[in-house]
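> Next up, input03.pdb (PDB, C-alpha atoms).
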ATOM      1  CA  MET A   1      20.754 -23.417 -13.228
ATOM      2  CA  ALA A   2      22.570 -20.091 -13.290
ATOM      3  CA  ASN A   3      24.478 -18.924 -10.266
ATOM      4  CA  SER A   4      22.987 -16.056  -8.312
ATOM      5  CA  ASN A   5      24.759 -13.716  -5.990
ATOM      6  CA  LEU A   6      23.162 -12.798  -2.700
ATOM      7  CA  LYS A   7      23.772  -9.160  -1.827
ATOM      8  CA  PHE A   8      23.139  -7.562   1.541
ATOM      9  CA  GLY A   9      22.532  -3.868   2.027
ATOM     10  CA  VAL A  10      21.504  -1.203   4.491
ATOM     11  CA  VAL A  11      19.556   1.983   3.837
ATOM     12  CA  THR A  12      18.596   4.706   6.275
ATOM     13  CA  ALA A  13      16.100   7.472   6.805
ATOM     14  CA  ARG A  14      15.204   9.934   9.532
ATOM     15  CA  TYR A  15      11.729  10.900  10.706
ATOM     16  CA  VAL A  16      11.609  14.463  12.035
ATOM     17  CA  TYR A  17       8.431  15.866  13.577
ATOM     18  CA  THR A  18       8.298  18.515  10.830
ATOM     19  CA  ASP A  19       7.756  15.659   8.324
ATOM     20  CA  GLY A  20       4.222  15.401   9.741
ATOM     21  CA  LEU A  21       2.382  14.621  12.960
ATOM     22  CA  GLY A  22      -1.106  13.628  11.788
ATOM     23  CA  ASP A  23      -2.451  10.196  11.018
ATOM     24  CA  GLY A  24      -1.519   8.756   7.647
ATOM     25  CA  ALA A  25       1.499   8.403   5.398
ATOM     26  CA  GLN A  26       4.342  10.866   5.968
ATOM     27  CA  THR A  27       6.975  11.653   3.340
ATOM     28  CA  LEU A  28      10.388  12.001   4.969
ATOM     29  CA  ALA A  29      12.713  14.868   4.033
ATOM     30  CA  THR A  30      15.732  12.612   4.680
ATOM     31  CA  SER A  31      15.217   9.159   3.191
ATOM     32  CA  SER A  32      16.588   6.516   0.821
ATOM     33  CA  SER A  33      15.107   3.756  -1.314
ATOM     34  CA  LEU A  34      15.515   0.000  -1.366
ATOM     35  CA  PRO A  35      16.069  -1.729  -4.694
ATOM     36  CA  ILE A  36      13.061  -3.410  -6.295
ATOM     37  CA  GLY A  37      13.024  -7.085  -5.299
ATOM     38  CA  ALA A  38      14.686  -6.508  -1.915
ATOM     39  CA  ALA A  39      13.700  -8.729   0.996
ATOM     40  CA  VAL A  40      13.746  -6.656   4.192
ATOM     41  CA  THR A  41      15.449  -8.639   6.953
ATOM     42  CA  ARG A  42      15.463  -6.161   9.876
ATOM     43  CA  VAL A  43      14.069  -2.735  10.736
ATOM     44  CA  THR A  44      15.614  -0.745  13.587
ATOM     45  CA  LEU A  45      14.277   2.511  15.058
ATOM     46  CA  ILE A  46      16.394   4.731  17.301
ATOM     47  CA  ALA A  47      14.731   7.579  19.193
ATOM     48  CA  ARG A  48      16.981  10.624  19.389
ATOM     49  CA  GLY A  49      14.775  12.031  22.169
ATOM     50  CA  ALA A  50      11.355  11.291  23.654
ATOM     51  CA  VAL A  51       8.657  10.682  21.044
ATOM     52  CA  ALA A  52       5.520  12.303  22.465
ATOM     53  CA  ALA A  53       1.845  11.791  21.701
ATOM     54  CA  SER A  54      -1.403  12.982  23.232
ATOM     55  CA  GLY A  55      -2.669   9.399  23.057
ATOM     56  CA  SER A  56      -1.605   5.963  21.905
ATOM     57  CA  ALA A  57       0.048   6.584  18.556
ATOM     58  CA  THR A  58       1.801   3.990  16.388
ATOM     59  CA  PHE A  59       4.624   4.310  13.895
ATOM     60  CA  THR A  60       4.821   1.934  10.875
ATOM     61  CA  VAL A  61       7.772   2.019   8.476
ATOM     62  CA  THR A  62       7.025   1.681   4.750
ATOM     63  CA  ALA A  63       9.254   1.277   1.691
ATOM     64  CA  GLY A  64       9.150  -0.184  -1.778
ATOM     65  CA  GLY A  65       5.354  -0.299  -1.865
ATOM     66  CA  LYS A  66       5.106  -2.316   1.374
ATOM     67  CA  SER A  67       4.713  -1.901   5.119
ATOM     68  CA  ILE A  68       8.062  -3.227   6.311
ATOM     69  CA  SER A  69       7.544  -3.033  10.090
ATOM     70  CA  SER A  70       4.777  -3.721  12.520
ATOM     71  CA  ALA A  71       2.801  -0.829  14.007
ATOM     72  CA  VAL A  72       5.337   0.189  16.668
ATOM     73  CA  ALA A  73       3.741   1.698  19.766
ATOM     74  CA  LYS A  74       4.916   5.198  20.666
ATOM     75  CA  ALA A  75       5.798   3.891  24.129
ATOM     76  CA  LYS A  76       8.655   1.848  22.596
ATOM     77  CA  LEU A  77      10.269   5.144  21.485
ATOM     78  CA  ALA A  78       9.346   7.226  24.523
ATOM     79  CA  GLY A  79      12.864   8.163  25.636
ATOM     80  CA  ALA A  80      16.114   9.392  24.161
ATOM     81  CA  GLY A  81      18.228   6.443  23.117
ATOM     82  CA  TYR A  82      15.323   3.979  23.038
ATOM     83  CA  ILE A  83      16.018   1.371  20.373
ATOM     84  CA  TYR A  84      13.366  -0.851  18.830
ATOM     85  CA  SER A  85      14.399  -3.541  16.373
ATOM     86  CA  GLU A  86      12.468  -6.316  14.691
ATOM     87  CA  VAL A  87      13.318  -9.104  12.302
ATOM     88  CA  ALA A  88      11.080  -8.960   9.247
ATOM     89  CA  ASP A  89       8.623 -11.742   8.481
ATOM     90  CA  LEU A  90      10.068 -12.971   5.184
ATOM     91  CA  GLN A  91       7.230 -13.932   2.881
ATOM     92  CA  ALA A  92       6.643 -13.447  -0.829
ATOM     93  CA  ASP A  93       4.316 -10.511  -0.180
ATOM     94  CA  SER A  94       7.065  -8.657   1.735
ATOM     95  CA  ILE A  95       9.408  -8.252  -1.265
ATOM     96  CA  THR A  96       9.650  -4.639  -2.471
ATOM     97  CA  THR A  97       7.767  -3.999  -5.704
ATOM     98  CA  THR A  98       8.566  -0.310  -6.290
ATOM     99  CA  SER A  99      11.439   2.048  -5.578
ATOM    100  CA  ALA A 100       9.310   4.140  -3.193
ATOM    101  CA  ALA A 101      11.528   5.698  -0.515
ATOM    102  CA  ILE A 102      11.341   4.843   3.170
ATOM    103  CA  GLY A 103       8.363   6.551   4.767
ATOM    104  CA  VAL A 104       6.315   6.424   7.940
ATOM    105  CA  THR A 105       2.609   5.864   8.506
ATOM    106  CA  LEU A 106       1.286   7.294  11.756
ATOM    107  CA  ALA A 107      -1.925   6.113  13.397
ATOM    108  CA  SER A 108      -3.610   6.924  16.675
ATOM    109  CA  THR A 109      -6.679   5.942  18.631
ATOM    110  CA  SER A 110      -6.824   8.807  21.098
ATOM    111  CA  GLY A 111      -4.395  11.440  19.800
ATOM    112  CA  GLY A 112      -1.468  11.585  17.401
ATOM    113  CA  LEU A 113       2.129  12.651  17.856
ATOM    114  CA  THR A 114       2.551  16.095  19.322
ATOM    115  CA  GLY A 115       4.726  18.986  18.128
ATOM    116  CA  SER A 116       8.447  18.939  18.777
ATOM    117  CA  SER A 117       8.466  15.167  19.092
ATOM    118  CA  ALA A 118      11.945  13.781  18.740
ATOM    119  CA  ASP A 119      13.680  12.597  15.615
ATOM    120  CA  VAL A 120      13.739   8.845  14.899
ATOM    121  CA  ASP A 121      16.543   7.245  12.911
ATOM    122  CA  ILE A 122      15.391   4.348  10.719
ATOM    123  CA  ILE A 123      17.800   1.607   9.647
ATOM    124  CA  VAL A 124      16.600  -1.009   7.144
ATOM    125  CA  GLU A 125      18.648  -4.112   6.377
ATOM    126  CA  TYR A 126      17.819  -6.164   3.287
ATOM    127  CA  ALA A 127      18.904  -9.046   1.077
ATOM    128  CA  LEU A 128      18.767  -9.055  -2.730
ATOM    129  CA  ILE A 129      19.409 -11.882  -5.148
ATOM    130  CA  GLY A 130      21.229 -10.473  -8.163
TER     131      GLY A 130
END
Since I need it in another form, could you write the structure as structure tokens?

Amino acid sequence: MANSNLKFGVVTARYVYTDGLGDGAQTLATSSSLPIGAAVTRVTLIARGAVAASGSATFTVTAGGKSISSAVAKAKLAGAGYIYSEVADLQADSITTTSAAIGVTLASTSGGLTGSSADVDIIVEYALIG
């Protein structure tokens, strides 16, 4: 059996309210990509100010053809400096299959994000066997 090297990496992105406020996938102006075959190990969101919504909006991080976070409730990012971090559920279906950049999918039940909502820094940690 050949030896494999395990590589760890970190990529980042930033969601800014001008990237989009409505429900659905949002393309981020400031983003990076994970390598194909990366296993996401942790996703961290840092609110740079209060994230506002007229209802109960959620924020899901996507990358590499996959949803790589849970649907994070707006309330978890409702103040400057709020940090939300989750360890990824490592399963075969969570391995990146494309080089699609980090993005965000917004969803709401009673109103989406509102204008001038704060920026959110996105930090994605991953492992890659090379």
> What would the selection look like, as a count of residues only, if the PyMOL selection byres ((chain A and resi 93-105) around 6) were run on the coordinates I just shared?
22
> Given the PyMOL selection byres ((chain A and resi 69-78) around 10) and the file above, list the residues it selects as a PyMOL selection string.
chain A and resi 40+42-53+55-63+66-68+79-89+104-108+112-113+117-118+120+124
> Using the chain letters and residue numbers of this document, give as number ranges by chain the residues selected by the PyMOL selection byres ((chain A and resi 127) around 8).
A: 6-9, 38-41, 125-126, 128-129
> Interatomic distance between CA of Gly115 (chain A) and CA of Leu34 (chain A)?
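About the pair CA of Gly115 (chain A) and CA of Leu34 (chain A): they are 29.3 Å apart.
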> As an exercise, work out the distance from CA of Thr30 (chain A) to CA of Thr109 (chain A) in Å and give it to one decimal place.
27.2 Å
> For Val10 (chain A), which residue out of A:Ser116, A:Ser54, A:Pro35, A:Ser110 is the nearest one, using only C-alpha atoms?
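Comparing A:Ser116, A:Ser54, A:Pro35, A:Ser110 against Val10 (chain A), the winner is A:Pro35.
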> Rounded to one decimal, what separation in Å do you get between CA of Ile123 (chain A) and CA of Gly20 (chain A)?
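Pair CA of Ile123 (chain A) / CA of Gly20 (chain A) returns 19.4 Å.
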> Kindly provide, as JSON, the centre and edge lengths (Å, one decimal) of an axis-aligned box around all atoms of region 18-21 of chain A given in the file, with 3 Å on each side.

{"center_x": 5.3, "center_y": 16.6, "center_z": 10.6, "size_x": 11.9, "size_y": 9.9, "size_z": 10.6}
